[in-house]
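Enquirer: Dropping in target.pdb, which is PDB, C-alpha atoms (C1' of nucleotides):
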```pdb
ATOM      1  CA  MET A   1      11.402  -4.483  24.614  1.00  0.00           C
ATOM      2  CA  ARG A   2      11.802  -5.738  21.092  1.00  0.00           C
ATOM      3  CA  LYS A   3       9.366  -8.383  19.968  1.00  0.00           C
ATOM      4  CA  ILE A   4       9.357  -9.337  16.293  1.00  0.00           C
ATOM      5  CA  LEU A   5       5.843  -9.620  14.900  1.00  0.00           C
ATOM      6  CA  THR A   6       5.250 -13.114  13.527  1.00  0.00           C
ATOM      7  CA  GLN A   7       2.806 -14.531  11.031  1.00  0.00           C
ATOM      8  CA  LYS A   8       0.422 -15.130  13.919  1.00  0.00           C
ATOM      9  CA  PHE A   9       0.057 -11.381  14.404  1.00  0.00           C
ATOM     10  CA  PHE A  10      -1.075 -10.955  10.804  1.00  0.00           C
ATOM     11  CA  ASP A  11      -3.327 -14.017  10.780  1.00  0.00           C
ATOM     12  CA  ARG A  12      -6.275 -12.037  12.179  1.00  0.00           C
ATOM     13  CA  ASP A  13      -9.027  -9.763  10.939  1.00  0.00           C
ATOM     14  CA  THR A  14      -7.532  -7.116   8.666  1.00  0.00           C
ATOM     15  CA  LYS A  15      -9.062  -4.177  10.522  1.00  0.00           C
ATOM     16  CA  VAL A  16      -7.765  -5.508  13.836  1.00  0.00           C
ATOM     17  CA  VAL A  17      -4.270  -5.882  12.404  1.00  0.00           C
ATOM     18  CA  ALA A  18      -4.463  -2.394  10.888  1.00  0.00           C
ATOM     19  CA  THR A  19      -5.316  -0.763  14.235  1.00  0.00           C
ATOM     20  CA  ASP A  20      -2.863  -2.959  16.111  1.00  0.00           C
ATOM     21  CA  LEU A  21      -0.021  -1.935  13.798  1.00  0.00           C
ATOM     22  CA  LEU A  22      -0.259   1.654  15.007  1.00  0.00           C
ATOM     23  CA  GLY A  23       2.665   2.239  17.377  1.00  0.00           C
ATOM     24  CA  LYS A  24       4.581  -0.741  16.023  1.00  0.00           C
ATOM     25  CA  PHE A  25       7.922  -0.262  14.278  1.00  0.00           C
ATOM     26  CA  ILE A  26       9.091  -0.958  10.768  1.00  0.00           C
ATOM     27  CA  VAL A  27      12.726  -2.030  10.828  1.00  0.00           C
ATOM     28  CA  ARG A  28      14.782  -1.873   7.657  1.00  0.00           C
ATOM     29  CA  LYS A  29      18.365  -3.063   7.458  1.00  0.00           C
ATOM     30  CA  ILE A  30      20.416  -1.260   4.837  1.00  0.00           C
ATOM     31  CA  ARG A  31      24.051  -2.297   4.411  1.00  0.00           C
ATOM     32  CA  GLY A  32      24.136  -3.730   7.939  1.00  0.00           C
ATOM     33  CA  LYS A  33      22.579  -0.682   9.558  1.00  0.00           C
ATOM     34  CA  GLU A  34      19.119  -0.781  11.088  1.00  0.00           C
ATOM     35  CA  VAL A  35      16.677   2.033  10.461  1.00  0.00           C
ATOM     36  CA  SER A  36      13.413   1.937  12.384  1.00  0.00           C
ATOM     37  CA  VAL A  37      10.317   4.114  12.309  1.00  0.00           C
ATOM     38  CA  MET A  38       7.028   4.002  14.201  1.00  0.00           C
ATOM     39  CA  ILE A  39       3.822   3.413  12.268  1.00  0.00           C
ATOM     40  CA  THR A  40       1.214   6.143  12.694  1.00  0.00           C
ATOM     41  CA  GLU A  41      -1.185   5.553   9.824  1.00  0.00           C
ATOM     42  CA  THR A  42      -2.607   2.444   8.154  1.00  0.00           C
ATOM     43  CA  GLU A  43      -5.444   1.387   5.872  1.00  0.00           C
ATOM     44  CA  ALA A  44      -7.302  -1.928   5.661  1.00  0.00           C
ATOM     45  CA  TYR A  45      -8.118  -3.630   2.365  1.00  0.00           C
ATOM     46  CA  ASP A  46     -10.379  -6.455   3.318  1.00  0.00           C
ATOM     47  CA  GLY A  47     -11.666  -9.281   1.197  1.00  0.00           C
ATOM     48  CA  PRO A  48     -12.667 -10.055  -2.402  1.00  0.00           C
ATOM     49  CA  LYS A  49     -15.701  -7.755  -2.304  1.00  0.00           C
ATOM     50  CA  ASP A  50     -13.778  -4.632  -1.265  1.00  0.00           C
ATOM     51  CA  LEU A  51     -13.903  -2.635  -4.489  1.00  0.00           C
ATOM     52  CA  ALA A  52     -11.059  -0.429  -3.288  1.00  0.00           C
ATOM     53  CA  SER A  53      -8.795  -3.469  -3.038  1.00  0.00           C
ATOM     54  CA  HIS A  54      -6.893  -4.688  -6.055  1.00  0.00           C
ATOM     55  CA  ALA A  55      -8.031  -8.185  -5.099  1.00  0.00           C
ATOM     56  CA  SER A  56     -11.638  -7.331  -6.002  1.00  0.00           C
ATOM     57  CA  LYS A  57     -10.661  -8.096  -9.599  1.00  0.00           C
ATOM     58  CA  GLY A  58      -9.938 -11.642  -8.569  1.00  0.00           C
ATOM     59  CA  MET A  59      -6.668 -13.507  -8.565  1.00  0.00           C
ATOM     60  CA  THR A  60      -4.276 -12.116 -11.168  1.00  0.00           C
ATOM     61  CA  LYS A  61      -0.524 -12.119 -11.491  1.00  0.00           C
ATOM     62  CA  ARG A  62      -0.486  -8.889  -9.538  1.00  0.00           C
ATOM     63  CA  THR A  63      -2.983  -9.727  -6.803  1.00  0.00           C
ATOM     64  CA  GLU A  64      -2.125 -13.362  -6.137  1.00  0.00           C
ATOM     65  CA  VAL A  65       0.176 -12.250  -3.319  1.00  0.00           C
ATOM     66  CA  MET A  66      -2.856 -10.911  -1.411  1.00  0.00           C
ATOM     67  CA  PHE A  67      -4.315 -14.403  -1.468  1.00  0.00           C
ATOM     68  CA  GLY A  68      -1.128 -15.781   0.057  1.00  0.00           C
ATOM     69  CA  HIS A  69      -0.016 -16.443   3.623  1.00  0.00           C
ATOM     70  CA  PRO A  70      -0.287 -13.707   6.245  1.00  0.00           C
ATOM     71  CA  GLY A  71       2.899 -11.839   7.136  1.00  0.00           C
ATOM     72  CA  ILE A  72       4.267 -11.419   3.634  1.00  0.00           C
ATOM     73  CA  PHE A  73       4.685  -8.075   1.875  1.00  0.00           C
ATOM     74  CA  TYR A  74       2.579  -6.877  -1.023  1.00  0.00           C
ATOM     75  CA  ILE A  75       4.485  -4.152  -2.811  1.00  0.00           C
ATOM     76  CA  TYR A  76       3.581  -2.523  -6.067  1.00  0.00           C
ATOM     77  CA  LEU A  77       4.318   0.557  -8.094  1.00  0.00           C
ATOM     78  CA  CYS A  78       1.702   3.295  -8.076  1.00  0.00           C
ATOM     79  CA  TYR A  79       1.427   6.183 -10.525  1.00  0.00           C
ATOM     80  CA  GLY A  80       4.629   5.000 -12.136  1.00  0.00           C
ATOM     81  CA  MET A  81       6.890   6.370  -9.402  1.00  0.00           C
ATOM     82  CA  TYR A  82       6.010   5.345  -5.871  1.00  0.00           C
ATOM     83  CA  TYR A  83       6.059   1.945  -4.233  1.00  0.00           C
ATOM     84  CA  MET A  84       3.318   1.093  -1.765  1.00  0.00           C
ATOM     85  CA  LEU A  85       4.095  -1.069   1.257  1.00  0.00           C
ATOM     86  CA  ASN A  86       1.394  -3.519   2.332  1.00  0.00           C
ATOM     87  CA  VAL A  87       1.406  -6.531   4.624  1.00  0.00           C
ATOM     88  CA  VAL A  88      -0.842  -9.456   3.754  1.00  0.00           C
ATOM     89  CA  THR A  89      -3.278 -10.429   6.511  1.00  0.00           C
ATOM     90  CA  GLY A  90      -5.865 -13.104   7.163  1.00  0.00           C
ATOM     91  CA  LYS A  91      -5.899 -16.711   6.126  1.00  0.00           C
ATOM     92  CA  LYS A  92      -4.371 -18.048   2.948  1.00  0.00           C
ATOM     93  CA  ASP A  93      -6.824 -17.753   0.036  1.00  0.00           C
ATOM     94  CA  TYR A  94      -8.588 -14.816   1.717  1.00  0.00           C
ATOM     95  CA  PRO A  95      -7.346 -11.661  -0.052  1.00  0.00           C
ATOM     96  CA  ALA A  96      -6.596  -8.909   2.447  1.00  0.00           C
ATOM     97  CA  ALA A  97      -3.771  -6.558   3.314  1.00  0.00           C
ATOM     98  CA  VAL A  98      -2.875  -3.530   5.406  1.00  0.00           C
ATOM     99  CA  LEU A  99      -1.337  -0.537   3.659  1.00  0.00           C
ATOM    100  CA  ILE A 100       1.317   1.200   5.742  1.00  0.00           C
ATOM    101  CA  ARG A 101       0.368   4.750   4.877  1.00  0.00           C
ATOM    102  CA  GLY A 102       2.482   6.796   7.257  1.00  0.00           C
ATOM    103  CA  VAL A 103       5.152   6.690   9.945  1.00  0.00           C
ATOM    104  CA  GLU A 104       6.326   9.161  12.556  1.00  0.00           C
ATOM    105  CA  GLY A 105       7.960  12.109  10.798  1.00  0.00           C
ATOM    106  CA  LYS A 106       6.831  11.048   7.333  1.00  0.00           C
ATOM    107  CA  ASN A 107       3.379  11.321   5.821  1.00  0.00           C
ATOM    108  CA  GLY A 108       2.479   9.518   2.662  1.00  0.00           C
ATOM    109  CA  PRO A 109       3.120   5.935   1.580  1.00  0.00           C
ATOM    110  CA  GLY A 110       5.268   7.027  -1.352  1.00  0.00           C
ATOM    111  CA  LYS A 111       7.662   9.021   0.792  1.00  0.00           C
ATOM    112  CA  LEU A 112       7.853   6.194   3.284  1.00  0.00           C
ATOM    113  CA  THR A 113       9.044   3.604   0.788  1.00  0.00           C
ATOM    114  CA  LYS A 114      11.476   6.065  -0.753  1.00  0.00           C
ATOM    115  CA  PHE A 115      12.941   6.823   2.672  1.00  0.00           C
ATOM    116  CA  LEU A 116      13.328   3.149   3.574  1.00  0.00           C
ATOM    117  CA  LYS A 117      14.495   2.147   0.083  1.00  0.00           C
ATOM    118  CA  ILE A 118      11.672  -0.330  -0.331  1.00  0.00           C
ATOM    119  CA  ASP A 119      10.916  -1.592  -3.828  1.00  0.00           C
ATOM    120  CA  ASN A 120       9.220  -4.540  -5.478  1.00  0.00           C
ATOM    121  CA  LYS A 121      12.108  -6.850  -4.588  1.00  0.00           C
ATOM    122  CA  PHE A 122      10.303  -7.298  -1.272  1.00  0.00           C
ATOM    123  CA  ASN A 123       7.062  -8.353  -2.908  1.00  0.00           C
ATOM    124  CA  LYS A 124       5.933 -11.769  -1.592  1.00  0.00           C
ATOM    125  CA  LYS A 125       8.782 -11.829   0.947  1.00  0.00           C
ATOM    126  CA  LEU A 126       8.156 -12.715   4.586  1.00  0.00           C
ATOM    127  CA  ALA A 127       8.469  -9.949   7.159  1.00  0.00           C
ATOM    128  CA  ILE A 128      11.482 -11.415   8.936  1.00  0.00           C
ATOM    129  CA  PRO A 129      14.938  -9.979   9.777  1.00  0.00           C
ATOM    130  CA  LYS A 130      16.614 -12.296   7.283  1.00  0.00           C
ATOM    131  CA  ASN A 131      14.893 -10.329   4.511  1.00  0.00           C
ATOM    132  CA  ASN A 132      16.145  -6.998   5.922  1.00  0.00           C
ATOM    133  CA  LEU A 133      12.609  -5.716   6.426  1.00  0.00           C
ATOM    134  CA  TRP A 134      10.359  -6.660   9.318  1.00  0.00           C
ATOM    135  CA  LEU A 135       8.037  -5.350  12.038  1.00  0.00           C
ATOM    136  CA  GLU A 136       8.547  -5.081  15.789  1.00  0.00           C
ATOM    137  CA  ASP A 137       6.545  -4.378  18.919  1.00  0.00           C
ATOM    138  CA  ARG A 138       8.627  -2.086  21.103  1.00  0.00           C
ATOM    139  CA  GLY A 139       6.093  -1.712  23.872  1.00  0.00           C
ATOM    140  CA  VAL A 140       4.330   1.385  22.550  1.00  0.00           C
ATOM    141  CA  LYS A 141       0.619   1.097  23.229  1.00  0.00           C
ATOM    142  CA  ILE A 142      -1.801   3.422  21.458  1.00  0.00           C
ATOM    143  CA  PRO A 143      -5.004   3.798  23.514  1.00  0.00           C
ATOM    144  CA  GLU A 144      -8.263   3.260  21.650  1.00  0.00           C
ATOM    145  CA  ASN A 145      -9.361   6.889  22.078  1.00  0.00           C
ATOM    146  CA  ASN A 146      -6.167   8.077  20.407  1.00  0.00           C
ATOM    147  CA  ILE A 147      -6.978   6.251  17.193  1.00  0.00           C
ATOM    148  CA  LYS A 148      -8.861   8.169  14.539  1.00  0.00           C
ATOM    149  CA  LYS A 149     -10.876   6.374  11.870  1.00  0.00           C
ATOM    150  CA  THR A 150     -11.595   7.964   8.501  1.00  0.00           C
ATOM    151  CA  PRO A 151     -12.451   6.865   4.959  1.00  0.00           C
ATOM    152  CA  ARG A 152      -9.516   5.678   2.896  1.00  0.00           C
ATOM    153  CA  ILE A 153      -7.545   8.010   0.650  1.00  0.00           C
ATOM    154  CA  GLY A 154      -7.716   8.079  -3.130  1.00  0.00           C
ATOM    155  CA  VAL A 155     -10.341   5.363  -3.517  1.00  0.00           C
ATOM    156  CA  ASP A 156     -13.320   7.311  -4.863  1.00  0.00           C
ATOM    157  CA  TYR A 157     -13.439   4.873  -7.751  1.00  0.00           C
ATOM    158  CA  ALA A 158     -14.555   2.144  -5.335  1.00  0.00           C
ATOM    159  CA  GLY A 159     -18.166   3.334  -5.316  1.00  0.00           C
ATOM    160  CA  PRO A 160     -20.371   4.891  -2.629  1.00  0.00           C
ATOM    161  CA  ILE A 161     -20.256   1.947  -0.253  1.00  0.00           C
ATOM    162  CA  TRP A 162     -16.620   0.900  -0.185  1.00  0.00           C
ATOM    163  CA  SER A 163     -15.057   4.329  -0.620  1.00  0.00           C
ATOM    164  CA  LYS A 164     -16.920   5.564   2.461  1.00  0.00           C
ATOM    165  CA  LYS A 165     -15.934   2.770   4.823  1.00  0.00           C
ATOM    166  CA  LYS A 166     -13.762   3.996   7.666  1.00  0.00           C
ATOM    167  CA  PHE A 167     -10.865   1.642   7.022  1.00  0.00           C
ATOM    168  CA  ARG A 168      -8.135   4.238   7.566  1.00  0.00           C
ATOM    169  CA  PHE A 169      -6.590   4.382  11.006  1.00  0.00           C
ATOM    170  CA  LEU A 170      -4.256   7.036  12.335  1.00  0.00           C
ATOM    171  CA  VAL A 171      -2.749   8.138  15.623  1.00  0.00           C
ATOM    172  CA  LYS A 172      -4.121  11.465  16.807  1.00  0.00           C
ATOM    173  CA  GLY A 173      -1.781  14.382  17.378  1.00  0.00           C
TER
ATOM    174  C1'  DA B   1      -4.895  22.142 -10.433  1.00  0.00           C
ATOM    175  C1'  DC B   2      -1.924  19.358 -12.803  1.00  0.00           C
ATOM    176  C1'  DG B   3       1.856  16.684 -14.884  1.00  0.00           C
ATOM    177  C1'  DA B   4       5.378  13.059 -14.225  1.00  0.00           C
ATOM    178  C1'  DT B   5       5.637   8.165 -15.271  1.00  0.00           C
ATOM    179  C1'  DG B   6       5.032   2.993 -15.909  1.00  0.00           C
ATOM    180  C1'  DA B   7       2.676  -1.282 -14.550  1.00  0.00           C
ATOM    181  C1'  DT B   8      -1.774  -3.345 -14.923  1.00  0.00           C
ATOM    182  C1'  DG B   9      -5.995  -5.382 -16.702  1.00  0.00           C
ATOM    183  C1'  DA B  10      -9.487  -5.291 -20.091  1.00  0.00           C
ATOM    184  C1'  DA B  11     -10.914  -4.541 -24.620  1.00  0.00           C
ATOM    185  C1'  DC B  12     -10.125  -5.316 -29.281  1.00  0.00           C
TER
ATOM    186  C1'  DT C   1      -1.389  -4.299 -29.085  1.00  0.00           C
ATOM    187  C1'  DT C   2      -3.567  -0.413 -27.618  1.00  0.00           C
ATOM    188  C1'  DC C   3      -5.950   2.159 -24.081  1.00  0.00           C
ATOM    189  C1'  DA C   4      -7.725   4.087 -19.833  1.00  0.00           C
ATOM    190  C1'  DT C   5      -6.797   3.856 -15.133  1.00  0.00           C
ATOM    191  C1'  DC C   6      -4.327   4.436 -10.946  1.00  0.00           C
ATOM    192  C1'  DA C   7      -3.999   2.860  -2.668  1.00  0.00           C
ATOM    193  C1'  DT C   8       0.987   9.664  -5.087  1.00  0.00           C
ATOM    194  C1'  DC C   9       3.660  13.814  -4.696  1.00  0.00           C
ATOM    195  C1'  DG C  10       5.869  18.178  -5.762  1.00  0.00           C
ATOM    196  C1'  DT C  11       5.260  22.362  -7.888  1.00  0.00           C
ATOM    197  C1'  DA C  12       2.085  26.131  -8.999  1.00  0.00           C
TER
END
```
So that I can check it, write out the structure of this file as structure tokens.
Expert:
Amino acid sequence: MRKILTQKFFDRDTKVVATDLLGKFIVRKIRGKEVSVMITETEAYDGPKDLASHASKGMTKRTEVMFGHPGIFYIYLCYGMYYMLNVVTGKKDYPAAVLIRGVEGKNGPGKLTKFLKIDNKFNKKLAIPKNNLWLEDRGVKIPENNIKKTPRIGVDYAGPIWSKKKFRFLVKG
DNA sequence: ACGATGATGAAC
DNA sequence: TTCATCATCGTA
């Protein structure tokens, strides 16, 4: 079973999308060849008040993509060397996104984007096959009790409330 | 524990 | 135009 995830999938609550993305596949086409990996770890960045989200600073040149339509990528350079892969969720004008933090066999969002050769060219692009980067449901279902929730990584700066929220989701084992 | 490394946003 | 900051990772 190969079902391409559409904008409808991402037009839902960010935390729901983040948990639902576990077990889904990222497919990347490089020079005509498809590479696919299963998502095992995600984080939710939800709304204008989430101090851990870049969008908490309001709409800027960098963050305007998070205010855009669901199902587009938000990609940016972190620490000068690693690209982060996010998918925008929720309605237009509501800033939210899910960070793809890990896939099967790879841990760490920086390694993931390096492996899949993802860079800021994909920023603001739709997650569709035409753009050589999209997401698929291949029938893998992660049961609720196999999903672990923890605080997000590297967001201590977000203050005692937002840095402690359990917006990180990963597959156990 | 720390440096590499560059875009970003805010202050000046 | 300068400055501090950062959703990381490899090496130590």
Enquirer: Can you pull out every residue within 9 Å of region 2-12 of chain B, counting all atoms listed in the file, but drop anything in the same chain fewer than 5 positions away, and send it as a PyMOL selection string?
Expert: (chain A and resi 57+60+62+76-81) or (chain C and resi 1-3+5+12)
Enquirer: Can you work out which one of A:Val88, A:Val171, A:Ile30, A:Ala52 has the shortest atom-to-atom distance to Arg152 (chain A), counting all atoms listed in the file?
Expert: A:Ala52
Enquirer: Please, what distance in Å, to one decimal, runs between CA of Thr113 (chain A) and CA of Tyr83 (chain A)?
Expert: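 Separating CA of Thr113 (chain A) from CA of Tyr83 (chain A) is a distance of 6.1 Å.
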Enquirer: Could you tell me which of A:Leu133, A:Ile72, A:Leu51, A:Met66 comes closest to Lys164 (chain A) if we count only C-alpha atoms?
Expert: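 Counting only C-alpha atoms, the residue closest to Lys164 (chain A) is A:Leu51.
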Enquirer: Quick one: pull the distance between CA of Thr19 (chain A) and CA of Glu144 (chain A), Å, one decimal.
Expert: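 Separation between CA of Thr19 (chain A) and CA of Glu144 (chain A): 8.9 Å.
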Enquirer: With chain A as the partner and 8 Å as the cut-off, tabulate the residues of chain C that qualify, each row holding the nearest pair of atoms and their distance in Å to one decimal, using all atoms listed in the file, sorted by chain and rising number, as CSV.
Expert:
```
residue,atom,partner,partner_atom,distance
C:DC6,C1',A:Tyr79,CA,6.0
C:DA7,C1',A:Gly154,CA,6.4
C:DT8,C1',A:Gly110,CA,6.3
C:DC9,C1',A:Gly110,CA,7.7
```
Enquirer: Produce a file of the selected residues containing C-alpha atoms (C1' of nucleotides), as a short mmCIF file (atom, residue, chain, number, x, y, z; two decimals), keeping the file's coordinate frame.
Expert:
```cif
data_model
loop_
_atom_site.label_atom_id
_atom_site.label_comp_id
_atom_site.auth_asym_id
_atom_site.auth_seq_id
_atom_site.Cartn_x
_atom_site.Cartn_y
_atom_site.Cartn_z
"C1'" DC C 6 -4.33 4.44 -10.95
"C1'" DA C 7 -4.00 2.86 -2.67
"C1'" DT C 8 0.99 9.66 -5.09
"C1'" DC C 9 3.66 13.81 -4.70
#
```
Enquirer: Which value, in Å to one decimal, gives the distance between CA of Val103 (chain A) and CA of Gly47 (chain A)?
Expert: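 Taking CA of Val103 (chain A) as the start and CA of Gly47 (chain A) as the end point, the length is 24.8 Å.
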Enquirer: Using all atoms listed in the file, which residues sit within 7 Å of Phe169 (chain A) once same-chain residues fewer than 2 positions away are excluded, as a list in words?
Expert: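 Answer for this query is Thr19, Glu41, Thr42, Glu43, Ile147, Lys148, Lys149, Thr150 and Phe167 of chain A.
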Enquirer: Using all atoms listed in the file, which of A:Thr14, A:Ser36, A:Thr63, A:Gln7 sits nearest chain B?
Expert: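 Closest to chain B of all the choices is A:Thr63.
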Enquirer: Write out as a list in words each polymer residue whose atoms come within 12 Å of Tyr94 (chain A), counting all atoms listed in the file; drop sequence neighbours fewer than 6 positions from it.
Expert: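 My list of contacting residues is Asp11, Arg12, Asp13, Thr14, Tyr45, Asp46, Gly47, Pro48, Lys49, Asp50, Ala55, Ser56, Gly58, Met59, Thr63, Glu64, Val65, Met66, Phe67, Gly68, His69, Pro70 and Val88 of chain A.
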Enquirer: What would the selection look like, as a count of residues only, if the PyMOL selection byres ((chain A and resi 34) around 12) were run on the coordinates I just shared?
Expert: 17
Enquirer: Using the file's own x, y and z axes, what box holds all listed atoms of region 78-94 of chain A with 8 Å on each side, keeping edges along x, y and z, and what are its centre and edge lengths in Å to one decimal, as JSON?
Expert:
```
{"center_x": -0.8, "center_y": -5.8, "center_z": -2.5, "size_x": 31.5, "size_y": 40.4, "size_z": 35.3}
```
Enquirer: Between A:Lys117, A:Lys92, A:Lys61, A:Lys130, which is the closest to chain B once you count all atoms listed in the file?
Expert: A:Lys61
Enquirer: For the structure shown, which residues end up in the PyMOL selection byres ((chain A and resi 2) around 8)? Put them as a list in words, please?
Expert: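 Against this file, the PyMOL selection byres ((chain A and resi 2) around 8) returns the residues Met1, Lys3, Ile4, Glu136, Asp137, Arg138 and Gly139 of chain A.
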Enquirer: Mind filling out region 16-24 of chain A with all heavy atoms and sending it as a CSV table (one decimal), in the frame of the given file?
Expert:
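The new file part-v8.csv reads:
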```
chain,number,residue,atom,x,y,z
A,16,VAL,N,-8.4,-5.4,12.5
A,16,VAL,CA,-7.8,-5.5,13.8
A,16,VAL,C,-6.3,-5.3,13.7
A,16,VAL,O,-5.6,-4.6,14.4
A,16,VAL,CB,-8.1,-6.9,14.5
A,16,VAL,CG1,-7.3,-7.1,15.7
A,16,VAL,CG2,-9.6,-7.0,14.8
A,17,VAL,N,-5.7,-6.0,12.6
A,17,VAL,CA,-4.3,-5.9,12.4
A,17,VAL,C,-3.9,-4.4,12.1
A,17,VAL,O,-2.9,-3.9,12.6
A,17,VAL,CB,-3.8,-6.8,11.2
A,17,VAL,CG1,-2.4,-6.6,10.9
A,17,VAL,CG2,-4.1,-8.2,11.6
A,18,ALA,N,-4.8,-3.8,11.3
A,18,ALA,CA,-4.5,-2.4,10.9
A,18,ALA,C,-4.4,-1.5,12.1
A,18,ALA,O,-3.5,-0.7,12.2
A,18,ALA,CB,-5.5,-1.9,9.9
A,19,THR,N,-5.3,-1.6,13.0
A,19,THR,CA,-5.3,-0.8,14.2
A,19,THR,C,-4.2,-1.2,15.1
A,19,THR,O,-3.5,-0.3,15.7
A,19,THR,CB,-6.6,-0.9,15.0
A,19,THR,OG1,-6.9,-2.2,15.2
A,19,THR,CG2,-7.8,-0.2,14.2
A,20,ASP,N,-3.9,-2.5,15.2
A,20,ASP,CA,-2.9,-3.0,16.1
A,20,ASP,C,-1.5,-2.6,15.6
A,20,ASP,O,-0.5,-2.5,16.4
A,20,ASP,CB,-3.0,-4.5,16.2
A,20,ASP,CG,-2.7,-5.0,17.6
A,20,ASP,OD1,-2.5,-4.1,18.5
A,20,ASP,OD2,-2.7,-6.2,17.8
A,21,LEU,N,-1.3,-2.3,14.3
A,21,LEU,CA,0.0,-1.9,13.8
A,21,LEU,C,0.4,-0.5,14.2
A,21,LEU,O,1.6,-0.2,14.1
A,21,LEU,CB,0.0,-2.1,12.3
A,21,LEU,CG,0.3,-3.4,11.7
A,21,LEU,CD1,0.2,-3.4,10.2
A,21,LEU,CD2,1.7,-3.9,12.1
A,22,LEU,N,-0.6,0.3,14.6
A,22,LEU,CA,-0.3,1.7,15.0
A,22,LEU,C,0.6,1.6,16.3
A,22,LEU,O,0.3,0.9,17.2
A,22,LEU,CB,-1.5,2.5,15.3
A,22,LEU,CG,-2.5,2.7,14.1
A,22,LEU,CD1,-3.8,3.4,14.6
A,22,LEU,CD2,-1.8,3.5,13.0
A,23,GLY,N,1.7,2.3,16.2
A,23,GLY,CA,2.7,2.2,17.4
A,23,GLY,C,3.7,1.1,17.3
A,23,GLY,O,4.7,1.1,18.0
A,24,LYS,N,3.5,0.3,16.3
A,24,LYS,CA,4.6,-0.7,16.0
A,24,LYS,C,5.7,-0.1,15.1
A,24,LYS,O,5.5,1.0,14.6
A,24,LYS,CB,4.0,-2.0,15.3
A,24,LYS,CG,2.9,-2.6,16.1
A,24,LYS,CD,3.4,-3.2,17.4
A,24,LYS,CE,2.3,-4.0,18.1
A,24,LYS,NZ,1.2,-3.2,18.7
```
